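Engineer: So I've got this file, target-v4.txt, and it contains compact mmCIF, C-alpha atoms:
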# COMPACT_ATOMS: atom_id res chain seq x y z
CA MET G 1 0.00 0.00 0.00
CA ILE G 2 2.78 2.38 0.94
CA ARG G 3 5.76 2.47 -1.36
CA ILE G 4 8.96 4.44 -1.07
CA ASP G 5 9.86 6.20 -4.28
CA GLU G 6 13.65 6.52 -4.43
CA LYS G 7 13.34 9.13 -7.17
CA SER G 8 10.94 11.30 -5.18
CA VAL G 9 12.09 14.73 -4.14
CA LEU G 10 10.47 14.18 -0.73
CA PRO G 11 12.52 12.69 2.11
CA ILE G 12 11.41 9.18 3.11
CA TYR G 13 9.84 10.30 6.38
CA GLU G 14 7.67 12.84 4.55
CA GLN G 15 6.72 10.25 1.92
CA ILE G 16 5.41 7.96 4.67
CA VAL G 17 3.43 10.80 6.30
CA HIS G 18 1.99 11.83 2.94
CA ARG G 19 1.09 8.33 1.75
CA ILE G 20 -0.67 7.42 5.00
CA LYS G 21 -2.76 10.59 4.82
CA GLU G 22 -3.55 9.81 1.20
CA LEU G 23 -4.68 6.27 2.07
CA ILE G 24 -6.90 7.67 4.82
CA SER G 25 -8.46 10.34 2.60
CA ARG G 26 -9.15 7.74 -0.10
CA GLY G 27 -10.81 5.52 2.50
CA VAL G 28 -8.30 2.68 2.08
CA LEU G 29 -7.47 3.12 5.76
CA GLN G 30 -10.69 3.59 7.75
CA PRO G 31 -11.17 5.59 10.96
CA GLU G 32 -10.26 3.54 14.05
CA GLU G 33 -8.58 0.89 11.91
CA LYS G 34 -5.40 -0.56 13.34
CA MET G 35 -2.17 0.56 11.68
CA PRO G 36 0.89 -1.66 11.21
CA SER G 37 3.39 -1.31 14.05
CA VAL G 38 6.58 0.66 13.48
CA ARG G 39 8.47 -2.61 13.30
CA GLU G 40 6.09 -4.16 10.75
CA LEU G 41 6.01 -1.12 8.50
CA ALA G 42 9.81 -0.73 8.62
CA ALA G 43 10.22 -4.38 7.63
CA ARG G 44 7.68 -4.04 4.83
CA LEU G 45 9.16 -0.82 3.39
CA LEU G 46 12.78 -1.77 4.13
CA VAL G 47 13.46 1.53 5.82
CA ASN G 48 15.04 2.47 9.12
CA PRO G 49 12.53 1.85 11.96
CA ASN G 50 13.64 5.17 13.47
CA THR G 51 12.36 6.91 10.30
CA VAL G 52 8.98 5.15 10.53
CA ALA G 53 8.76 6.07 14.22
CA LYS G 54 9.43 9.69 13.32
CA ALA G 55 6.69 9.63 10.65
CA TYR G 56 4.23 8.13 13.18
CA GLN G 57 5.13 10.82 15.72
CA GLU G 58 4.40 13.51 13.14
CA LEU G 59 1.08 11.87 12.16
CA GLU G 60 0.11 11.66 15.81
CA ARG G 61 1.09 15.30 16.37
CA GLN G 62 -1.21 16.25 13.47
CA GLY G 63 -4.05 14.19 14.93
CA VAL G 64 -4.14 11.76 12.00
CA ILE G 65 -3.39 8.67 14.08
CA VAL G 66 -3.58 7.89 17.77
CA SER G 67 -1.48 5.41 19.69
CA VAL G 68 -3.09 3.48 22.52
CA ARG G 69 -0.64 2.19 25.07
CA GLY G 70 -0.34 -1.57 24.90
CA LYS G 71 -2.80 -1.86 22.01
CA GLY G 72 -1.11 -0.24 19.03
CA VAL G 73 -1.62 2.61 16.63
CA PHE G 74 -5.01 3.49 15.13
CA VAL G 75 -6.41 5.82 12.49
CA ALA G 76 -8.00 8.77 14.33
CA LYS G 77 -11.73 9.43 14.21
CA PRO G 78 -12.50 12.22 11.70
CA ALA G 79 -13.83 14.62 14.37
CA SER G 80 -10.53 14.49 16.22
CA SER G 81 -8.31 15.00 13.20
CA PRO G 82 -8.07 18.67 12.27
CA GLY G 83 -4.67 17.92 10.70
CA MET G 84 -6.40 15.74 8.13
CA LEU G 85 -8.83 18.54 7.32
CA GLN G 86 -5.99 20.95 6.56
CA GLU G 87 -4.42 18.33 4.35
CA ARG G 88 -7.58 17.81 2.34
CA LEU G 89 -8.22 21.54 2.00
CA ALA G 90 -4.69 22.03 0.66
CA ARG G 91 -5.16 19.25 -1.86
CA LEU G 92 -8.54 20.60 -2.93
CA ARG G 93 -6.99 24.02 -3.55
CA ALA G 94 -4.15 22.47 -5.58
CA ASP G 95 -6.64 20.43 -7.64
CA LEU G 96 -8.52 23.60 -8.48
CA GLY G 97 -5.26 25.20 -9.61
CA ARG G 98 -4.56 22.26 -11.91
CA LEU G 99 -8.04 22.48 -13.42
CA MET G 100 -7.47 26.17 -14.15
CA VAL G 101 -4.16 25.44 -15.89
CA GLU G 102 -5.89 22.83 -18.03
CA ALA G 103 -8.80 25.18 -18.85
CA HIS G 104 -6.38 27.96 -19.80
CA HIS G 105 -4.34 25.58 -21.93
CA LEU G 106 -7.47 24.47 -23.78
CA GLY G 107 -8.33 28.09 -24.52
CA VAL G 108 -11.52 28.18 -22.44
CA SER G 109 -12.60 31.79 -21.89
CA ARG G 110 -12.63 33.42 -18.43
CA GLU G 111 -16.42 33.91 -18.78
CA GLN G 112 -16.97 30.25 -19.56
CA VAL G 113 -14.90 29.09 -16.57
CA THR G 114 -16.75 31.49 -14.29
CA ALA G 115 -20.09 30.27 -15.63
CA TRP G 116 -19.13 26.64 -14.97
CA VAL G 117 -18.01 27.43 -11.44
CA GLU G 118 -21.23 29.39 -10.77
CA GLU G 119 -23.24 26.45 -12.11
CA GLU G 120 -21.54 24.05 -9.69
CA ILE G 121 -21.91 26.50 -6.80
CA GLY G 122 -25.63 26.78 -7.52
CA ARG G 123 -25.89 23.00 -7.27
CA TYR G 124 -24.45 22.71 -3.73
CA TRP G 125 -24.58 26.07 -1.92
CA ARG G 126 -27.74 27.96 -1.02
CA ASP G 127 -27.66 31.59 0.08
CA GLY G 128 -25.77 31.89 3.39
CA ASP G 129 -24.81 28.20 3.38
CA ALA G 130 -21.11 27.54 4.09
CA GLY G 131 -21.42 24.00 2.85
CA GLY G 132 -21.48 20.65 4.65
CA SER G 133 -24.15 19.75 7.19
CA SER G 134 -22.68 20.83 10.49
CA SER G 135 -20.11 23.48 9.58
CA ALA G 136 -20.47 27.02 10.87
CA GLN G 137 -21.58 29.85 8.66
CA ILE G 138 -18.78 32.04 7.34
CA ASP G 139 -19.52 35.74 6.94
CA MET K 1 27.81 4.48 22.91
CA LEU K 2 30.73 3.64 20.65
CA ALA K 3 33.16 6.55 20.50
CA VAL K 4 35.97 6.91 17.99
CA ARG K 5 38.56 9.31 19.42
CA HIS K 6 41.37 10.95 17.41
CA LEU K 7 42.05 7.82 15.40
CA HIS K 8 45.18 7.70 13.24
CA LYS K 9 46.11 4.76 11.05
CA SER K 10 48.62 4.31 8.26
CA ILE K 11 48.72 1.33 5.92
CA GLU K 12 52.13 0.66 4.33
CA ARG K 13 53.30 4.11 5.51
CA GLN K 14 50.40 5.82 3.74
CA PRO K 15 48.28 7.75 6.23
CA VAL K 16 44.70 6.51 5.74
CA LEU K 17 42.93 7.87 8.83
CA LYS K 18 43.92 11.29 10.18
CA ASP K 19 42.50 12.30 13.53
CA VAL K 20 39.09 10.69 13.01
CA SER K 21 36.51 11.28 15.76
CA PHE K 22 32.77 10.54 15.92
CA GLU K 23 30.23 8.68 18.02
CA LEU K 24 27.58 6.07 17.29
CA ARG K 25 24.50 6.50 19.47
CA PRO K 26 22.77 3.26 20.50
CA GLY K 27 20.02 2.10 18.11
CA MET K 28 21.08 4.30 15.22
CA VAL K 29 22.18 3.46 11.70
CA ALA K 30 25.18 5.33 10.31
CA GLY K 31 26.13 5.14 6.64
CA LEU K 32 29.80 5.39 5.70
CA ILE K 33 30.48 6.81 2.25
CA GLY K 34 33.63 7.75 0.34
CA ARG K 35 35.54 7.07 -2.86
CA ASN K 36 37.18 3.70 -3.45
CA GLY K 37 40.37 3.66 -1.41
CA ALA K 38 39.24 6.50 0.87
CA GLY K 39 39.71 4.32 3.97
CA LYS K 40 36.23 2.95 4.70
CA THR K 41 37.41 -0.62 5.27
CA THR K 42 40.43 0.55 7.29
CA LEU K 43 38.12 2.55 9.56
CA LEU K 44 35.75 -0.39 10.09
CA LYS K 45 38.61 -2.80 10.80
CA THR K 46 40.25 -0.40 13.24
CA MET K 47 36.95 0.13 15.04
CA ALA K 48 36.38 -3.61 15.33
CA GLY K 49 39.87 -4.17 16.71
CA VAL K 50 41.08 -6.10 13.65
CA TYR K 51 43.70 -3.36 13.11
CA GLU K 52 45.57 -1.61 15.91
CA PRO K 53 45.43 2.19 15.59
CA ASP K 54 48.70 4.18 15.38
CA ALA K 55 47.16 6.70 17.75
CA GLY K 56 43.75 7.41 19.24
CA ASP K 57 41.25 4.90 20.54
CA VAL K 58 37.85 3.30 20.12
CA LEU K 59 35.78 3.33 23.31
CA LEU K 60 32.71 1.26 24.09
CA GLU K 61 30.94 2.85 27.07
CA GLY K 62 34.29 4.42 27.91
CA GLU K 63 36.33 1.18 27.72
CA SER K 64 39.04 0.77 25.11
CA VAL K 65 38.43 -1.87 22.44
CA HIS K 66 42.17 -2.10 21.92
CA ARG K 67 43.17 -2.48 25.54
CA ARG K 68 40.34 -4.78 26.64
CA PRO K 69 39.95 -7.41 23.90
CA GLU K 70 36.84 -8.99 25.45
CA ILE K 71 34.96 -5.83 24.42
CA LYS K 72 35.35 -6.96 20.81
CA ARG K 73 32.48 -9.37 21.44
CA GLU K 74 30.18 -6.35 21.36
CA ILE K 75 31.47 -5.17 17.98
CA VAL K 76 31.10 -7.44 14.96
CA PHE K 77 32.81 -6.66 11.65
CA LEU K 78 31.24 -8.18 8.52
CA PRO K 79 33.64 -7.92 5.55
CA ASP K 80 32.51 -7.49 1.95
CA ASN K 81 33.59 -11.05 1.24
CA PRO K 82 33.43 -13.46 4.20
CA GLU K 83 36.58 -15.42 3.33
CA ALA K 84 37.19 -16.41 6.94
CA LEU K 85 34.02 -18.52 6.82
CA PHE K 86 34.72 -20.23 3.48
CA GLY K 87 36.04 -23.49 4.93
CA TYR K 88 33.01 -24.04 7.17
CA THR K 89 29.36 -24.85 6.73
CA ALA K 90 26.67 -22.51 8.12
CA GLU K 91 26.05 -25.07 10.85
CA GLU K 92 29.76 -25.08 11.83
CA CYS K 93 29.90 -21.28 11.72
CA ALA K 94 26.95 -21.08 14.11
CA ARG K 95 28.66 -23.41 16.62
CA LEU K 96 31.89 -21.38 16.33
CA TYR K 97 30.09 -18.06 16.81
CA ALA K 98 28.19 -19.42 19.82
CA LEU K 99 31.57 -20.08 21.50
CA VAL K 100 32.80 -16.54 20.86
CA TYR K 101 29.66 -14.43 21.34
CA PRO K 102 27.91 -15.00 24.68
CA ARG K 103 24.46 -13.86 23.48
CA PHE K 104 24.55 -15.74 20.15
CA ASP K 105 20.92 -16.55 19.31
CA ARG K 106 20.94 -19.96 17.65
CA ALA K 107 17.18 -20.06 17.19
CA ALA K 108 17.21 -16.71 15.40
CA PHE K 109 20.07 -17.85 13.16
CA ASP K 110 18.27 -21.10 12.26
CA GLU K 111 15.14 -19.10 11.45
CA MET K 112 17.12 -16.76 9.16
CA ILE K 113 18.83 -19.50 7.18
CA ARG K 114 15.52 -21.32 6.82
CA ARG K 115 13.87 -18.16 5.56
CA PHE K 116 16.58 -17.56 2.95
CA GLY K 117 16.90 -21.22 2.00
CA LEU K 118 20.59 -21.29 2.95
CA PRO K 119 21.99 -24.82 2.91
CA ALA K 120 23.21 -25.56 6.46
CA HIS K 121 25.60 -28.32 5.49
CA ARG K 122 27.44 -26.93 2.48
CA LYS K 123 30.69 -25.03 2.80
CA ILE K 124 30.21 -21.24 2.61
CA ARG K 125 32.77 -21.19 -0.24
CA GLN K 126 30.34 -23.13 -2.44
CA LEU K 127 27.46 -20.68 -2.01
CA SER K 128 26.53 -17.89 -4.44
CA ARG K 129 27.75 -14.39 -3.66
CA GLY K 130 24.32 -13.35 -2.38
CA MET K 131 24.03 -16.46 -0.20
CA LYS K 132 27.53 -15.88 1.21
CA MET K 133 26.55 -12.35 2.21
CA LEU K 134 23.26 -13.52 3.74
CA ALA K 135 25.07 -16.22 5.73
CA SER K 136 27.63 -13.71 6.99
CA ILE K 137 25.05 -11.08 7.95
CA SER K 138 22.74 -13.66 9.57
CA LEU K 139 25.66 -14.79 11.73
CA GLY K 140 26.57 -11.21 12.58
CA ILE K 141 23.05 -10.29 13.60
CA ALA K 142 22.49 -13.51 15.54
CA THR K 143 25.46 -12.55 17.75
CA ARG K 144 23.16 -9.88 19.24
CA ALA K 145 26.31 -7.81 19.66
CA SER K 146 25.57 -4.15 20.36
CA TYR K 147 27.39 -2.87 17.26
CA VAL K 148 27.60 -4.38 13.77
CA LEU K 149 29.98 -2.88 11.22
CA LEU K 150 29.20 -3.90 7.63
CA ASP K 151 31.44 -3.44 4.62
CA GLU K 152 29.48 -3.17 1.34
CA PRO K 153 26.66 -5.54 2.39
CA THR K 154 24.65 -5.10 -0.84
CA ASN K 155 27.51 -4.92 -3.33
CA GLY K 156 27.37 -7.35 -6.24
CA ILE K 157 24.32 -9.30 -5.15
CA ASP K 158 21.06 -9.78 -7.04
CA PRO K 159 17.95 -7.67 -6.25
CA ILE K 160 16.24 -10.43 -4.27
CA ALA K 161 19.31 -11.10 -2.11
CA LYS K 162 19.64 -7.34 -1.68
CA GLN K 163 16.10 -7.04 -0.35
CA GLN K 164 16.78 -9.94 2.00
CA VAL K 165 19.95 -8.25 3.27
CA LEU K 166 18.07 -4.98 3.82
CA SER K 167 15.30 -6.79 5.68
CA LEU K 168 17.91 -8.38 7.98
CA LEU K 169 19.40 -4.96 8.69
CA VAL K 170 16.00 -3.38 9.40
CA GLU K 171 15.17 -6.24 11.80
CA ALA K 172 18.51 -5.78 13.54
CA VAL K 173 17.70 -2.12 14.18
CA SER K 174 14.25 -3.11 15.48
CA GLU K 175 16.10 -5.41 17.91
CA GLY K 176 18.00 -2.37 19.16
CA MET K 177 21.33 -3.10 17.46
CA THR K 178 23.47 -0.23 16.17
CA LEU K 179 24.78 -0.44 12.60
CA LEU K 180 27.58 1.21 10.67
CA VAL K 181 27.18 0.45 6.96
CA ALA K 182 29.90 1.26 4.44
CA SER K 183 28.35 1.37 0.97
CA HIS K 184 28.26 3.01 -2.44
CA ALA K 185 24.54 2.25 -2.74
CA MET K 186 23.22 5.73 -1.92
CA GLY K 187 19.57 4.67 -2.27
CA ASP K 188 20.06 1.91 0.33
CA LEU K 189 21.77 4.32 2.71
CA GLU K 190 18.99 6.89 2.29
CA ARG K 191 16.51 4.21 3.38
CA LEU K 192 18.60 2.98 6.26
CA SER K 193 20.60 5.80 7.78
CA ASP K 194 20.07 8.30 10.57
CA MET K 195 23.51 9.77 10.00
CA ILE K 196 26.12 9.78 7.25
CA LEU K 197 29.87 9.70 7.76
CA LEU K 198 31.71 10.96 4.70
CA ILE K 199 35.36 9.95 4.58
CA ARG K 200 37.66 11.99 2.38
CA GLN K 201 41.41 12.50 2.47
CA GLY K 202 41.59 10.58 5.75
CA GLU K 203 39.06 12.77 7.54
CA VAL K 204 35.47 12.05 8.47
CA GLU K 205 32.64 14.58 8.15
CA ILE K 206 29.36 13.98 9.94
CA HIS K 207 26.05 14.68 8.18
CA GLU K 208 22.63 14.11 9.75
CA MET K 209 20.20 12.50 7.28
CA ALA K 210 17.55 15.10 8.11
CA ASP K 211 19.80 17.78 6.60
CA PRO K 212 22.65 16.14 4.70
CA SER K 213 24.13 19.39 3.38
CA ARG K 214 24.15 21.00 6.87
CA GLY K 215 22.92 24.17 5.21
CA GLU K 216 26.22 24.45 3.33
CA ALA K 217 24.63 24.12 -0.09
CA VAL K 218 21.28 24.19 -1.85
CA LYS K 219 20.09 22.22 -4.84
CA LEU K 220 18.13 24.23 -7.37
CA GLN K 221 16.26 23.75 -10.59
CA VAL K 222 16.59 26.85 -12.74
CA VAL K 223 15.35 27.94 -16.15
CA PHE K 224 17.02 31.18 -17.21
CA ASP K 225 15.19 33.89 -19.11
CA GLY K 226 17.24 34.07 -22.32
CA GLU K 227 20.95 33.18 -22.53
CA PRO K 228 22.32 31.23 -19.54
CA PRO K 229 24.79 33.40 -17.56
CA ALA K 230 28.10 31.68 -18.38
CA ALA K 231 30.18 33.66 -15.86
CA TRP K 232 27.78 33.01 -12.98
CA LEU K 233 27.55 29.29 -13.87
CA ALA K 234 31.36 29.05 -13.95
CA SER K 235 31.86 30.57 -10.48
CA PRO K 236 33.42 28.22 -7.91
CA GLN K 237 30.33 28.22 -5.67
CA VAL K 238 28.15 26.83 -8.48
CA MET K 239 28.16 23.23 -9.65
CA VAL K 240 26.05 22.22 -12.65
CA LEU K 241 24.74 18.71 -11.94
CA ASN K 242 23.11 18.54 -15.35
CA HIS K 243 21.21 20.55 -17.86
CA VAL K 244 18.61 19.27 -20.26
CA GLY K 245 17.65 21.86 -22.83
CA ARG K 246 17.10 25.05 -20.84
CA VAL K 247 16.54 23.33 -17.49
CA TYR K 248 19.57 23.47 -15.19
CA THR K 249 19.99 21.44 -12.02
CA LEU K 250 22.54 23.20 -9.81
CA LEU K 251 24.25 22.92 -6.47
CA VAL K 252 25.06 26.31 -5.03
CA SER K 253 27.46 26.48 -2.12
CA ARG K 254 26.57 28.95 0.60
CA ASP K 255 30.10 29.44 1.90
CA ASP K 256 29.83 33.13 1.02
CA GLY K 257 26.42 33.49 2.64
CA ASP K 258 23.62 33.95 0.14
CA ALA K 259 25.56 36.19 -2.28
CA LYS K 260 25.42 33.73 -5.19
CA LEU K 261 21.73 33.06 -4.58
CA GLU K 262 21.02 36.79 -4.50
CA GLU K 263 22.79 37.23 -7.85
CA LEU K 264 20.67 34.42 -9.26
CA ARG K 265 17.42 35.92 -7.95
CA ARG K 266 18.29 39.28 -9.50
CA MET K 267 18.54 37.57 -12.92
CA ARG K 268 14.82 36.79 -12.53
CA PRO K 269 14.91 33.23 -13.90
CA LEU K 270 11.65 31.84 -15.30
CA VAL K 271 11.85 28.91 -12.89
CA LEU K 272 13.75 28.86 -9.60
CA GLU K 273 12.87 25.95 -7.35
CA GLU K 274 14.73 24.45 -4.46
CA LEU K 275 15.06 20.67 -4.60
CA PRO K 276 15.92 18.41 -1.66
CA LEU K 277 19.60 17.57 -1.62
CA GLY K 278 20.12 13.79 -1.67
CA LEU K 279 23.08 11.67 -0.67
CA GLU K 280 24.33 11.31 -4.22
CA ASP K 281 24.30 15.11 -4.58
CA LEU K 282 26.24 15.40 -1.34
CA PHE K 283 28.77 12.86 -2.55
CA VAL K 284 29.28 14.53 -5.92
CA TRP K 285 29.47 17.97 -4.35
CA LYS K 286 32.01 16.95 -1.71
CA HIS K 287 34.21 15.41 -4.36
CA GLY K 288 34.19 18.44 -6.62
CA GLY K 289 31.82 17.23 -9.28
CA ARG K 290 31.95 14.74 -12.09
CA SER K 291 35.32 15.65 -13.55
CA ASP K 292 36.58 13.59 -16.48
CA GLU K 293 39.17 11.68 -14.45
CA ASP K 294 36.41 10.43 -12.15
CA ARG K 295 34.46 8.72 -14.89
Show me the file's structure as structure tokens.
Structural biologist:
Amino acid sequence: MIRIDEKSVLPIYEQIVHRIKELISRGVLQPEEKMPSVRELAARLLVNPNTVAKAYQELERQGVIVSVRGKGVFVAKPASSPGMLQERLARLRADLGRLMVEAHHLGVSREQVTAWVEEEIGRYWRDGDAGGSSSAQID
Amino acid sequence: MLAVRHLHKSIERQPVLKDVSFELRPGMVAGLIGRNGAGKTTLLKTMAGVYEPDAGDVLLEGESVHRRPEIKREIVFLPDNPEALFGYTAEECARLYALVYPRFDRAAFDEMIRRFGLPAHRKIRQLSRGMKMLASISLGIATRASYVLLDEPTNGIDPIAKQQVLSLLVEAVSEGMTLLVASHAMGDLERLSDMILLIRQGEVEIHEMADPSRGEAVKLQVVFDGEPPAAWLASPQVMVLNHVGRVYTLLVSRDDGDAKLEELRRMRPLVLEELPLGLEDLFVWKHGGRSDEDR
């Protein structure tokens, strides 16, 4: 599931952090699911266990995973993982940027792009609705 | 902790190690890199007590490896070719090692050779290169010695044997053993190491894996607007790693502060991105680039 890309520009510890978040946001790893131990993941990836431990510490600091003494490491519940939210927002913003590059490259007019975005907004947001079911209204 | 203190060693009157000092913290993995003939093997052998130093010492928890030989049981040296084992079978090696190393774990060794399909009753000499290395490393790790010094453990073996060797090393670290791995396989060392020791002209530089360049250099990808600036590119602080079309990959030394980077920024290049500096970059940079005589 997690692979180390030796050609990646990211250091190995960041690759592990990133890939685990990706697996969680794609639903491959479910909330409260048990994660492999540091030892198991190090053996599977053939990387220094100290590096895996460092990645787990970072994921725990960001609220993505929680370790339970004597039981192991688990994927955090969504409500308790603001770190994950930031991650997904950043990716969403980057995806939008890529779509704009593609639209520009294809020669789509500014008016057309705006019209498409407005169309999608009309589908999901009502007046004064910040989106989602429980999120607070943003003025 | 294993501490190397002001180590000097000459081989055939040629000074190989000059005032080498560093420490291995328990549970860490250190990679040892350097050109062929830079002194990697000499350093490992002197640390393991195979060679006597001309001056300086190697201290395990403050006790000299060279003055108290029984300490050598805590430091295992695994050569790049285990010739000392050639005349024995794996089974005989295990019995020999159990006599020398008080914590030798026979069950763990048997499990390893079963896992790798190593024949227990054939002489090590008759095994393939990969199998020889696996036998040697399995023995070394089964000693449960605190420190294992490995010389080129993945050199010249096939990809499957290489993965098996790496898995043995990762398990050893999980068991709390401390490793020093001399290798030219930069990708393997990037996976394994917490710290890099770079040996050059008899001296050892220490680089933490988290920041291999120690802030001394940056790696950049640059696309210049118009003609590339020949004079700037030729300055001693700038090393061109490669350029494909108009895309330059550069190492810029920061020994003069950020002056060279400032000059570059003022040229307003179309693309100016910092890239992470890997071990291979560090190696090339420290050895002055890919000059023709190095090829």
Engineer: When you look at range 151-162 of chain K with a cut-off of 6 Å (counting all atoms listed in the file), what residues show up, excluding the ones that are within fewer than 3 positions of it in the same chain? I need them as number ranges by chain.
Structural biologist: K: 79-80, 130, 165, 182-183
Engineer: Please produce, as JSON lines, a per-residue contact table for chain K versus chain G (criterion: any atom at most 6 Å away, only C-alpha atoms considered), showing the nearest atom pair and its distance in Å to one decimal, sorted by chain then residue number.
Structural biologist:
{"residue": "K:Ser167", "atom": "CA", "partner": "G:Leu46", "partner_atom": "CA", "distance": 5.8}
{"residue": "K:Val170", "atom": "CA", "partner": "G:Asn48", "partner_atom": "CA", "distance": 5.9}
{"residue": "K:Arg191", "atom": "CA", "partner": "G:Val47", "partner_atom": "CA", "distance": 4.7}
{"residue": "K:Leu192", "atom": "CA", "partner": "G:Asn48", "partner_atom": "CA", "distance": 4.6}
{"residue": "K:Pro276", "atom": "CA", "partner": "G:Val9", "partner_atom": "CA", "distance": 5.9}
Engineer: Interatomic distance between CA of Gln86 in chain G and CA of Lys54 in chain G?
Structural biologist: 20.3 Å
Engineer: Nearest to Glu280 in chain K: which of K:Thr143, K:Lys123, K:Val58, K:Ile33 is it, counting only C-alpha atoms?
Structural biologist: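 With only C-alpha atoms as the atom set, the closest residue is K:Ile33.
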Engineer: Using all atoms listed in the file, find the one residue out of K:Met267, K:Ala48, K:Ala90, K:Val65 that sits nearest to Pro229 in chain K.
Structural biologist: K:Met267
Engineer: Fewer than 3 positions away in the same chain doesn't count, so skip those; otherwise give me all residues within 9 Å of Lys286 in chain K, counting only C-alpha atoms, as a list of chain:residue names.
Structural biologist: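 Here the qualifying residues turn out to be K:Leu198, K:Arg200, K:Asp281, K:Leu282, K:Phe283, K:Gly289.
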Engineer: Could you pull the residues within 10 Å of His104 in chain G, counting only C-alpha atoms, minus those fewer than 6 positions along the same chain, as a ChimeraX atom specification?
Structural biologist: /G:98,110,113
Engineer: Give me, please, the distance in Å between CA of Leu189 in chain K and CA of Glu171 in chain K, quoted to one decimal.
Structural biologist: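 Taking CA of Leu189 in chain K as the start and CA of Glu171 in chain K as the end point, the length is 15.4 Å.
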Engineer: Could you check which of K:Tyr88, K:Tyr147, K:Trp232, K:Trp285 is closest to Glu61 in chain K, using all atoms listed in the file?
Structural biologist: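 Looking only at the distances to Glu61 in chain K, the closest residue turns out to be K:Tyr147.
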Engineer: Provide the CA of Val204 in chain K to CA of Ser174 in chain K distance in Å, to one decimal place.
Structural biologist: 27.0 Å
Engineer: Can you list, as a PyMOL selection string, every protein, DNA or RNA residue that comes within 6 Å of Ser253 in chain K when you count only C-alpha atoms, leaving out same-chain residues fewer than 3 positions away?
Structural biologist: chain K and resi 216-217+237
Engineer: Report as a VMD selection string all protein, DNA and RNA residues lying within 8 Å of Val66 in chain G, evaluated on all atoms listed in the file, omitting residues in the same chain fewer than 5 positions from it.
Structural biologist: chain G and resid 60 73 to 76
Engineer: Around the point (19.9, 5.4, 13.5), in the coordinates given by the file, pick out the residues reaching within 7 Å, counting all atoms listed in the file, and return them as a list in words.
Structural biologist: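 Within 7 Å of (19.9, 5.4, 13.5), the protein and nucleic acid residues are Asn50 of chain G; Gly27, Met28, Val29, Ala30, Ser193, Asp194 and Met195 of chain K.
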